[in-house]
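Participant: Structure supplied as work33.json; contents: JSON, C-alpha atoms and all ligand atoms.
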```json
[["chain", "number", "residue", "atom", "x", "y", "z"],
["A", 1, "MET", "CA", 0.00, 0.00, 0.00],
["A", 2, "ALA", "CA", 1.24, 3.48, -0.86],
["A", 3, "GLN", "CA", 0.74, 4.78, 2.65],
["A", 4, "THR", "CA", 2.74, 1.96, 4.18],
["A", 5, "SER", "CA", 5.57, 2.26, 1.70],
["A", 6, "GLN", "CA", 5.88, 5.96, 2.55],
["A", 7, "MET", "CA", 6.27, 5.25, 6.24],
["A", 8, "GLN", "CA", 9.77, 5.71, 7.60],
["A", 9, "GLN", "CA", 11.49, 2.55, 8.74],
["A", 10, "PRO", "CA", 11.99, 2.69, 12.51],
["A", 11, "LYS", "CA", 15.58, 3.44, 13.51],
["A", 12, "GLN", "CA", 17.46, 0.46, 14.88],
["A", 13, "ASN", "CA", 19.82, 0.39, 17.81],
["A", 14, "ILE", "CA", 22.93, -1.79, 18.04],
["A", 15, "TYR", "CA", 20.86, -4.81, 19.01],
["A", 16, "GLY", "CA", 18.35, -4.38, 16.20],
["A", 17, "ALA", "CA", 15.43, -3.15, 18.31],
["A", 18, "GLY", "CA", 13.53, -0.05, 17.25],
["A", 19, "HIS", "CA", 13.69, 3.38, 18.85],
["A", 20, "LEU", "CA", 10.44, 4.32, 20.56],
["A", 21, "LEU", "CA", 10.28, 7.97, 19.66],
["A", 22, "GLU", "CA", 9.02, 8.62, 16.14],
["A", 23, "GLU", "CA", 11.64, 10.53, 14.14],
["A", 24, "ASN", "CA", 9.64, 13.73, 13.64],
["A", 25, "LEU", "CA", 8.93, 13.93, 17.37],
["A", 26, "GLU", "CA", 12.57, 13.23, 18.16],
["A", 27, "ALA", "CA", 13.67, 16.03, 15.82],
["A", 28, "TYR", "CA", 11.06, 18.39, 17.28],
["A", 29, "THR", "CA", 12.08, 17.76, 20.89],
["A", 30, "ALA", "CA", 15.77, 18.14, 20.07],
["A", 31, "THR", "CA", 15.17, 21.43, 18.24],
["A", 32, "THR", "CA", 12.86, 22.84, 20.88],
["A", 33, "PHE", "CA", 14.56, 21.79, 24.10],
["A", 34, "GLN", "CA", 18.12, 21.76, 22.74],
["A", 35, "PRO", "CA", 19.55, 19.13, 25.05],
["A", 36, "VAL", "CA", 23.04, 19.38, 23.54],
["A", 37, "ASP", "CA", 24.77, 22.72, 24.07],
["A", 38, "ASP", "CA", 28.27, 23.68, 22.90],
["A", 39, "VAL", "CA", 29.96, 22.30, 26.02],
["A", 40, "LEU", "CA", 28.32, 18.88, 25.66],
["A", 41, "LYS", "CA", 28.96, 18.85, 21.91],
["A", 42, "GLU", "CA", 32.65, 19.49, 22.55],
["A", 43, "VAL", "CA", 32.70, 16.53, 24.96],
["A", 44, "VAL", "CA", 31.16, 14.23, 22.35],
["A", 45, "ASP", "CA", 33.60, 15.42, 19.67],
["A", 46, "ARG", "CA", 36.68, 15.14, 21.91],
["A", 47, "ALA", "CA", 35.54, 11.69, 23.13],
["A", 48, "ALA", "CA", 35.28, 10.55, 19.50],
["A", 49, "ARG", "CA", 38.74, 11.96, 18.70],
["A", 50, "ASN", "CA", 40.08, 9.99, 21.68],
["A", 51, "GLN", "CA", 38.32, 6.88, 20.39],
["A", 52, "LEU", "CA", 35.94, 6.49, 23.33],
["A", 53, "PRO", "CA", 32.78, 4.54, 22.50],
["A", 54, "PRO", "CA", 29.74, 6.78, 21.76],
["A", 55, "LEU", "CA", 27.78, 5.51, 24.74],
["A", 56, "HIS", "CA", 26.88, 8.65, 26.64],
["A", 57, "VAL", "CA", 23.35, 9.01, 27.94],
["A", 58, "ASP", "CA", 20.71, 9.78, 25.31],
["A", 59, "SER", "CA", 20.62, 13.57, 25.09],
["A", 60, "LEU", "CA", 16.99, 13.91, 26.20],
["A", 61, "ASP", "CA", 17.50, 11.47, 29.09],
["A", 62, "GLY", "CA", 20.49, 13.52, 30.21],
["A", 63, "LEU", "CA", 18.45, 16.70, 30.14],
["A", 64, "THR", "CA", 15.63, 14.99, 32.04],
["A", 65, "LEU", "CA", 18.10, 13.85, 34.66],
["A", 66, "GLU", "CA", 19.37, 17.41, 35.06],
["A", 67, "VAL", "CA", 15.88, 18.87, 35.39],
["A", 68, "VAL", "CA", 14.71, 16.26, 37.90],
["A", 69, "ILE", "CA", 17.82, 16.65, 40.06],
["A", 70, "ARG", "CA", 17.30, 20.41, 40.06],
["A", 71, "MET", "CA", 13.64, 19.94, 41.05],
["A", 72, "ALA", "CA", 14.58, 17.68, 43.93],
["A", 73, "GLY", "CA", 17.39, 19.95, 45.08],
["A", 74, "TYR", "CA", 19.81, 17.04, 45.30],
["A", 75, "LYS", "CA", 23.36, 18.05, 46.18],
["A", 76, "LYS", "CA", 25.36, 14.95, 46.99],
["A", 77, "MET", "CA", 25.44, 12.37, 44.24],
["A", 78, "VAL", "CA", 27.22, 9.29, 42.95],
["A", 79, "GLU", "CA", 27.46, 8.28, 39.30],
["A", 80, "VAL", "CA", 28.47, 4.75, 38.31],
["A", 81, "GLY", "CA", 30.00, 4.95, 34.81],
["A", 82, "THR", "CA", 31.70, 8.23, 33.84],
["A", 83, "LEU", "CA", 32.89, 7.67, 30.25],
["A", 84, "ALA", "CA", 33.81, 11.18, 28.96],
["A", 85, "GLY", "CA", 31.79, 13.06, 31.58],
["A", 86, "TYR", "CA", 28.75, 13.92, 29.45],
["A", 87, "SER", "CA", 26.07, 12.98, 32.00],
["A", 88, "GLY", "CA", 28.46, 13.98, 34.78],
["A", 89, "ILE", "CA", 28.42, 17.57, 33.52],
["A", 90, "GLN", "CA", 24.63, 17.58, 33.53],
["A", 91, "ILE", "CA", 24.54, 16.23, 37.08],
["A", 92, "ALA", "CA", 27.20, 18.70, 38.19],
["A", 93, "ARG", "CA", 25.22, 21.59, 36.71],
["A", 94, "ALA", "CA", 22.08, 20.40, 38.49],
["A", 95, "ILE", "CA", 23.64, 20.03, 41.96],
["A", 96, "GLY", "CA", 25.19, 23.48, 41.69],
["A", 97, "PRO", "CA", 28.41, 24.89, 43.13],
["A", 98, "ASP", "CA", 27.61, 23.73, 46.68],
["A", 99, "GLY", "CA", 26.99, 20.15, 45.57],
["A", 100, "HIS", "CA", 29.40, 17.29, 45.00],
["A", 101, "LEU", "CA", 29.40, 14.44, 42.50],
["A", 102, "HIS", "CA", 31.50, 11.31, 42.94],
["A", 103, "THR", "CA", 31.74, 9.60, 39.57],
["A", 104, "ILE", "CA", 33.35, 6.19, 38.98],
["A", 105, "GLU", "CA", 35.15, 4.97, 35.86],
["A", 106, "VAL", "CA", 37.07, 1.73, 35.48],
["A", 107, "ILE", "CA", 39.16, 2.75, 32.43],
["A", 108, "PRO", "CA", 41.87, 5.28, 33.35],
["A", 109, "GLN", "CA", 42.06, 6.79, 29.85],
["A", 110, "PHE", "CA", 38.31, 7.52, 29.93],
["A", 111, "ALA", "CA", 38.68, 9.09, 33.37],
["A", 112, "GLU", "CA", 41.35, 11.47, 32.01],
["A", 113, "VAL", "CA", 39.09, 12.52, 29.16],
["A", 114, "ALA", "CA", 36.29, 13.09, 31.68],
["A", 115, "LYS", "CA", 38.48, 15.24, 33.95],
["A", 116, "GLU", "CA", 39.23, 17.46, 30.96],
["A", 117, "SER", "CA", 35.47, 17.66, 30.27],
["A", 118, "PHE", "CA", 34.74, 18.75, 33.84],
["A", 119, "ARG", "CA", 37.53, 21.36, 33.61],
["A", 120, "LYS", "CA", 36.20, 22.72, 30.34],
["A", 121, "ALA", "CA", 32.63, 22.82, 31.72],
["A", 122, "GLY", "CA", 33.84, 24.78, 34.76],
["A", 123, "VAL", "CA", 32.56, 22.18, 37.24],
["A", 124, "GLU", "CA", 35.80, 20.43, 38.21],
["A", 125, "ASP", "CA", 35.63, 21.76, 41.80],
["A", 126, "ARG", "CA", 32.40, 19.88, 42.45],
["A", 127, "VAL", "CA", 33.32, 16.57, 40.81],
["A", 128, "THR", "CA", 35.64, 13.80, 41.99],
["A", 129, "VAL", "CA", 36.51, 11.17, 39.40],
["A", 130, "HIS", "CA", 37.30, 7.82, 41.03],
["A", 131, "VAL", "CA", 39.21, 5.37, 38.87],
["A", 132, "GLY", "CA", 38.51, 1.72, 39.56],
["A", 133, "SER", "CA", 35.94, -0.99, 39.54],
["A", 134, "ALA", "CA", 32.64, 0.45, 40.75],
["A", 135, "ALA", "CA", 31.94, -2.39, 43.18],
["A", 136, "GLU", "CA", 35.21, -1.60, 45.01],
["A", 137, "VAL", "CA", 35.05, 2.18, 44.82],
["A", 138, "LEU", "CA", 31.46, 2.21, 46.10],
["A", 139, "GLN", "CA", 32.55, 0.39, 49.25],
["A", 140, "ARG", "CA", 35.06, 3.18, 49.93],
["A", 141, "LEU", "CA", 32.42, 5.86, 49.25],
["A", 142, "SER", "CA", 30.04, 4.47, 51.88],
["A", 143, "LYS", "CA", 31.85, 6.40, 54.61],
["A", 144, "LEU", "CA", 30.96, 9.67, 52.83],
["A", 145, "GLY", "CA", 27.24, 8.85, 52.76],
["A", 146, "PRO", "CA", 24.36, 9.01, 52.97],
["A", 147, "PHE", "CA", 23.87, 10.41, 49.46],
["A", 148, "ASP", "CA", 20.93, 12.19, 47.86],
["A", 149, "ALA", "CA", 20.94, 10.13, 44.69],
["A", 150, "VAL", "CA", 22.80, 7.60, 42.58],
["A", 151, "PHE", "CA", 22.87, 7.45, 38.77],
["A", 152, "ILE", "CA", 23.70, 3.93, 37.56],
["A", 153, "ASP", "CA", 25.08, 3.86, 34.01],
["A", 154, "ALA", "CA", 27.85, 1.26, 33.75],
["A", 155, "ASP", "CA", 27.96, -2.51, 33.13],
["A", 156, "LYS", "CA", 24.32, -3.57, 32.99],
["A", 157, "GLU", "CA", 25.04, -7.08, 34.33],
["A", 158, "ASN", "CA", 26.10, -5.53, 37.64],
["A", 159, "TYR", "CA", 23.24, -3.08, 38.09],
["A", 160, "PRO", "CA", 21.83, -5.29, 40.90],
["A", 161, "VAL", "CA", 25.15, -4.94, 42.78],
["A", 162, "TYR", "CA", 25.03, -1.17, 42.39],
["A", 163, "LEU", "CA", 21.40, -1.13, 43.49],
["A", 164, "ASP", "CA", 22.34, -3.08, 46.64],
["A", 165, "TRP", "CA", 24.80, -0.31, 47.45],
["A", 166, "ALA", "CA", 22.37, 2.48, 46.57],
["A", 167, "GLU", "CA", 19.69, 1.04, 48.82],
["A", 168, "GLU", "CA", 22.08, 1.14, 51.74],
["A", 169, "ASN", "CA", 23.57, 4.53, 51.03],
["A", 170, "ILE", "CA", 20.85, 6.91, 49.92],
["A", 171, "ARG", "CA", 18.75, 8.85, 52.38],
["A", 172, "VAL", "CA", 14.98, 8.80, 52.68],
["A", 173, "GLY", "CA", 13.74, 11.19, 49.97],
["A", 174, "GLY", "CA", 16.74, 10.32, 47.84],
["A", 175, "ALA", "CA", 16.64, 8.64, 44.46],
["A", 176, "VAL", "CA", 18.02, 5.90, 42.28],
["A", 177, "PHE", "CA", 18.30, 6.62, 38.56],
["A", 178, "ALA", "CA", 19.31, 3.89, 36.11],
["A", 179, "ASP", "CA", 19.96, 4.25, 32.39],
["A", 180, "ASN", "CA", 19.26, 1.86, 29.49],
["A", 181, "THR", "CA", 16.62, 0.04, 31.48],
["A", 182, "PHE", "CA", 14.74, -0.96, 28.33],
["A", 183, "GLY", "CA", 17.70, -3.27, 27.69],
["A", 184, "PHE", "CA", 18.22, -1.96, 24.15],
["A", 185, "GLY", "CA", 14.64, -2.93, 23.38],
["A", 186, "HIS", "CA", 14.87, -6.41, 24.90],
["A", 187, "VAL", "CA", 13.95, -5.96, 28.55],
["A", 188, "TRP", "CA", 10.47, -7.41, 27.98],
["A", 189, "ARG", "CA", 12.04, -10.81, 27.24],
["A", 190, "GLU", "CA", 12.92, -13.43, 29.81],
["A", 191, "ALA", "CA", 16.72, -13.24, 29.75],
["A", 192, "ASP", "CA", 17.16, -16.97, 29.22],
["A", 193, "THR", "CA", 15.22, -16.77, 25.93],
["A", 194, "ILE", "CA", 18.11, -14.73, 24.49],
["A", 195, "VAL", "CA", 20.19, -17.66, 23.33],
["A", 196, "ASP", "CA", 22.21, -16.08, 20.53],
["A", 197, "ASN", "CA", 23.85, -13.24, 22.49],
["A", 198, "PRO", "CA", 25.27, -14.11, 25.94],
["A", 199, "LYS", "CA", 26.36, -10.51, 26.62],
["A", 200, "LEU", "CA", 22.87, -9.17, 25.97],
["A", 201, "ARG", "CA", 21.40, -12.03, 28.04],
["A", 202, "GLY", "CA", 23.48, -10.95, 31.04],
["A", 203, "GLN", "CA", 22.58, -7.30, 30.53],
["A", 204, "VAL", "CA", 18.86, -8.01, 30.24],
["A", 205, "ALA", "CA", 18.98, -10.23, 33.33],
["A", 206, "GLY", "CA", 20.57, -7.40, 35.34],
["A", 207, "LEU", "CA", 18.15, -4.78, 34.08],
["A", 208, "ARG", "CA", 15.07, -6.93, 34.65],
["A", 209, "LYS", "CA", 16.23, -7.58, 38.20],
["A", 210, "ILE", "CA", 16.62, -3.95, 39.15],
["A", 211, "ASN", "CA", 13.40, -2.84, 37.48],
["A", 212, "ALA", "CA", 11.47, -5.57, 39.31],
["A", 213, "ARG", "CA", 13.20, -4.87, 42.60],
["A", 214, "LEU", "CA", 12.49, -1.15, 42.49],
["A", 215, "ALA", "CA", 8.93, -1.62, 41.25],
["A", 216, "ASN", "CA", 8.12, -4.04, 44.07],
["A", 217, "ASN", "CA", 10.00, -2.53, 46.99],
["A", 218, "PRO", "CA", 7.54, -0.85, 49.40],
["A", 219, "ASN", "CA", 10.33, 1.48, 50.51],
["A", 220, "TYR", "CA", 10.45, 2.99, 47.02],
["A", 221, "ARG", "CA", 8.09, 4.53, 44.48],
["A", 222, "ALA", "CA", 9.45, 3.82, 41.03],
["A", 223, "THR", "CA", 8.75, 4.43, 37.37],
["A", 224, "ILE", "CA", 10.43, 3.98, 34.02],
["A", 225, "LEU", "CA", 10.43, 6.85, 31.57],
["A", 226, "PRO", "CA", 9.53, 5.38, 28.19],
["A", 227, "THR", "CA", 12.33, 7.06, 26.27],
["A", 228, "ASN", "CA", 14.41, 5.42, 23.55],
["A", 229, "GLN", "CA", 16.70, 3.87, 26.14],
["A", 230, "GLY", "CA", 14.40, 3.70, 29.15],
["A", 231, "LEU", "CA", 15.29, 5.64, 32.30],
["A", 232, "THR", "CA", 14.26, 4.07, 35.59],
["A", 233, "MET", "CA", 13.83, 6.42, 38.53],
["A", 234, "ALA", "CA", 12.83, 5.59, 42.07],
["A", 235, "VAL", "CA", 12.42, 7.76, 45.15],
["A", 236, "ARG", "CA", 13.07, 6.32, 48.61],
["A", 237, "LEU", "CA", 9.93, 6.70, 50.76],
["A", 238, "LYS", "CA", 11.12, 5.22, 54.06],
["B", 301, "LIG", "C1", 27.38, 3.95, 29.25],
["B", 301, "LIG", "S1", 28.97, 4.48, 29.67],
["B", 301, "LIG", "C2", 28.66, 5.82, 30.78],
["B", 301, "LIG", "C3", 28.14, 7.02, 30.11],
["B", 301, "LIG", "C4", 28.12, 8.26, 30.97],
["B", 301, "LIG", "N1", 27.31, 8.07, 32.16],
["B", 301, "LIG", "C5", 27.56, 9.40, 30.16],
["B", 301, "LIG", "O1", 26.34, 9.44, 29.96],
["B", 301, "LIG", "O2", 28.33, 10.25, 29.72],
["B", 301, "LIG", "C6", 29.50, 3.23, 30.79],
["B", 301, "LIG", "C7", 30.85, 3.51, 31.40],
["B", 301, "LIG", "O3", 30.99, 2.64, 32.53],
["B", 301, "LIG", "C8", 32.31, 2.18, 32.58],
["B", 301, "LIG", "N2", 32.30, 0.92, 33.32],
["B", 301, "LIG", "C9", 31.95, -0.32, 32.86],
["B", 301, "LIG", "N3", 32.06, -1.23, 33.83],
["B", 301, "LIG", "C10", 32.49, -0.55, 34.93],
["B", 301, "LIG", "C11", 32.79, -0.95, 36.25],
["B", 301, "LIG", "N4", 32.67, -2.23, 36.64],
["B", 301, "LIG", "N5", 33.20, -0.02, 37.13],
["B", 301, "LIG", "C12", 33.30, 1.29, 36.74],
["B", 301, "LIG", "N6", 33.04, 1.72, 35.50],
["B", 301, "LIG", "C13", 32.63, 0.81, 34.61],
["B", 301, "LIG", "C14", 32.71, 2.02, 31.12],
["B", 301, "LIG", "O4", 34.11, 2.01, 30.97],
["B", 301, "LIG", "C15", 32.03, 3.22, 30.48],
["B", 301, "LIG", "O5", 32.88, 4.32, 30.43]]
```
Translate this file's structure into structure tokens.
Facilitator:
Amino acid sequence: MAQTSQMQQPKQNIYGAGHLLEENLEAYTATTFQPVDDVLKEVVDRAARNQLPPLHVDSLDGLTLEVVIRMAGYKKMVEVGTLAGYSGIQIARAIGPDGHLHTIEVIPQFAEVAKESFRKAGVEDRVTVHVGSAAEVLQRLSKLGPFDAVFIDADKENYPVYLDWAEENIRVGGAVFADNTFGFGHVWREADTIVDNPKLRGQVAGLRKINARLANNPNYRATILPTNQGLTMAVRLK
């Protein structure tokens, strides 16, 4: 049918699942709300020149994170997964000059790129970049808690480990944010049905666990923003 043949093919992500947001709406939101300013664009370009993978938070999710953190007035935050500092800059802007962000990156080269990003964004005084495996660094950070919020955006398989830590180290009224919680379009599947891609199977298993845990924990009120990547957010009630 003519109408069908004129329809745009849905965009595909790296695992072949479609993006949720229709392309015209995606273009409209990007033009209107302008989630990527010159500072963030420079980070993306410099990260590419340094051959970092292009895995920063979806630009609209990053902006949402910034706006929600500002609304809540959070000041003391932890980020698991720094990469080049893209989302870290948005968090740092949101917490303001009297806030502090501890961000954790396992690859030293990425951490160096991120430090440069924080310098260039003028937020280096309010950000500490910790180099190391998140599970280990988090244990050391416990003594600085409790924290207002944690943004989980590293190895998806280990999200449940990071959620364990977050549950112990955020205050009542604080929040857990987790990125990519649609599992690249596959989170609706039982993980063990993903037979052809063991990495994705592990990622989906981790993501399904944290979504279910947050959705069913009476100490939290949780939702998932239905963006292209899925952004889970949960506030601690008690
Ligand atoms: C999706 S990227 C983070 C993107 C970043 N939050 C942003 O939006 O700009 C995930 C990052 O987590 C790091 N990472 C992966 N496993 C990790 C671990 N076990 N501990 C700490 N960092 C880890 C990766 O090296 C990568 O830089």
Participant: Could you give me, as a list of chain:residue names, every polymer residue with an atom at most 7 Å away from an atom of ligand LIG 301 (chain B), counting all atoms listed in the file?
Facilitator: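 These are the residues that qualify: A:Leu55, A:His56, A:Val57, A:Val80, A:Gly81, A:Thr82, A:Leu83, A:Ala84, A:Gly85, A:Tyr86, A:Ser87, A:Gly88, A:Ile104, A:Glu105, A:Val106, A:Ile107, A:Phe110, A:Gly132, A:Ser133, A:Ala134, A:Ala135, A:Asp153, A:Ala154, A:Asp155.
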Participant: Return the single residue from A:Gly173, A:Gln229, A:Gln139, A:Pro218 that is closest to A:His186, with distances computed using all atoms listed in the file.
Facilitator: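 Residue with the minimum atom-to-atom distance to A:His186: A:Gln229.
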Participant: One number please: atom CA of A:Ala72 to atom CA of A:Asp179, in Å, one decimal.
Facilitator: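 Pair atom CA of A:Ala72 / atom CA of A:Asp179 returns 18.5 Å.
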Participant: Just checking: using only C-alpha atoms, which residue out of A:Arg46, A:Arg140, A:Arg70, A:Arg189 ends up closest to A:Lys120?
Facilitator: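 Closest to A:Lys120 of all the choices is A:Arg46.
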Participant: Under the rule that only C-alpha atoms are counted, which of A:Thr128, A:Met77, A:Leu231, A:Lys238 is the nearest residue to A:Leu63?
Facilitator: A:Leu231
Participant: For atom CA of A:Val204 and atom CA of A:Val44, quote the distance in Å rounded to one decimal.
Facilitator: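 Value for the atom CA of A:Val204-atom CA of A:Val44 distance: 26.6 Å.
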Participant: In Å, how far is it from atom CA of A:Asp196 to atom CA of A:Ala178?
Facilitator: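 Distance reported for this atom pair: 25.5 Å.
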Participant: Kindly indicate which residue among A:Ala191, A:Val161, A:Val127, A:Leu200 lies nearest to A:Glu79, using all atoms listed in the file for the distances.
Facilitator: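 Between A:Ala191, A:Val161, A:Val127, A:Leu200, the residue approaching A:Glu79 most closely is A:Val127.
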Participant: Between A:Val129, A:Val150, A:Ala222, A:Ile91, which has the minimum distance to A:Ile170 (counting all atoms listed in the file)?
Facilitator: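 With all atoms listed in the file as the atom set, the closest residue is A:Val150.
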Participant: Ranking A:Lys76, A:Gly99, A:Asp61, A:Glu124 by minimum distance to A:Ile224 and counting all atoms listed in the file, which one comes first?
Facilitator: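 Using all atoms listed in the file, A:Ile224 sits closest to A:Asp61.
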Participant: Residues within 9 Å of A:Gln90, please, as a PyMOL selection string. Count only C-alpha atoms; anything in the same chain fewer than 6 positions from it doesn't count.
Facilitator: chain A and resi 40+62-63+65-66
Participant: Can you tell me, as an MDAnalysis selection string, which residues sit within 10 Å of (24.8, 3.4, 53.5) in the file's frame, using only C-alpha atoms?
Facilitator: chainID A and resid 139 141:147 164:171
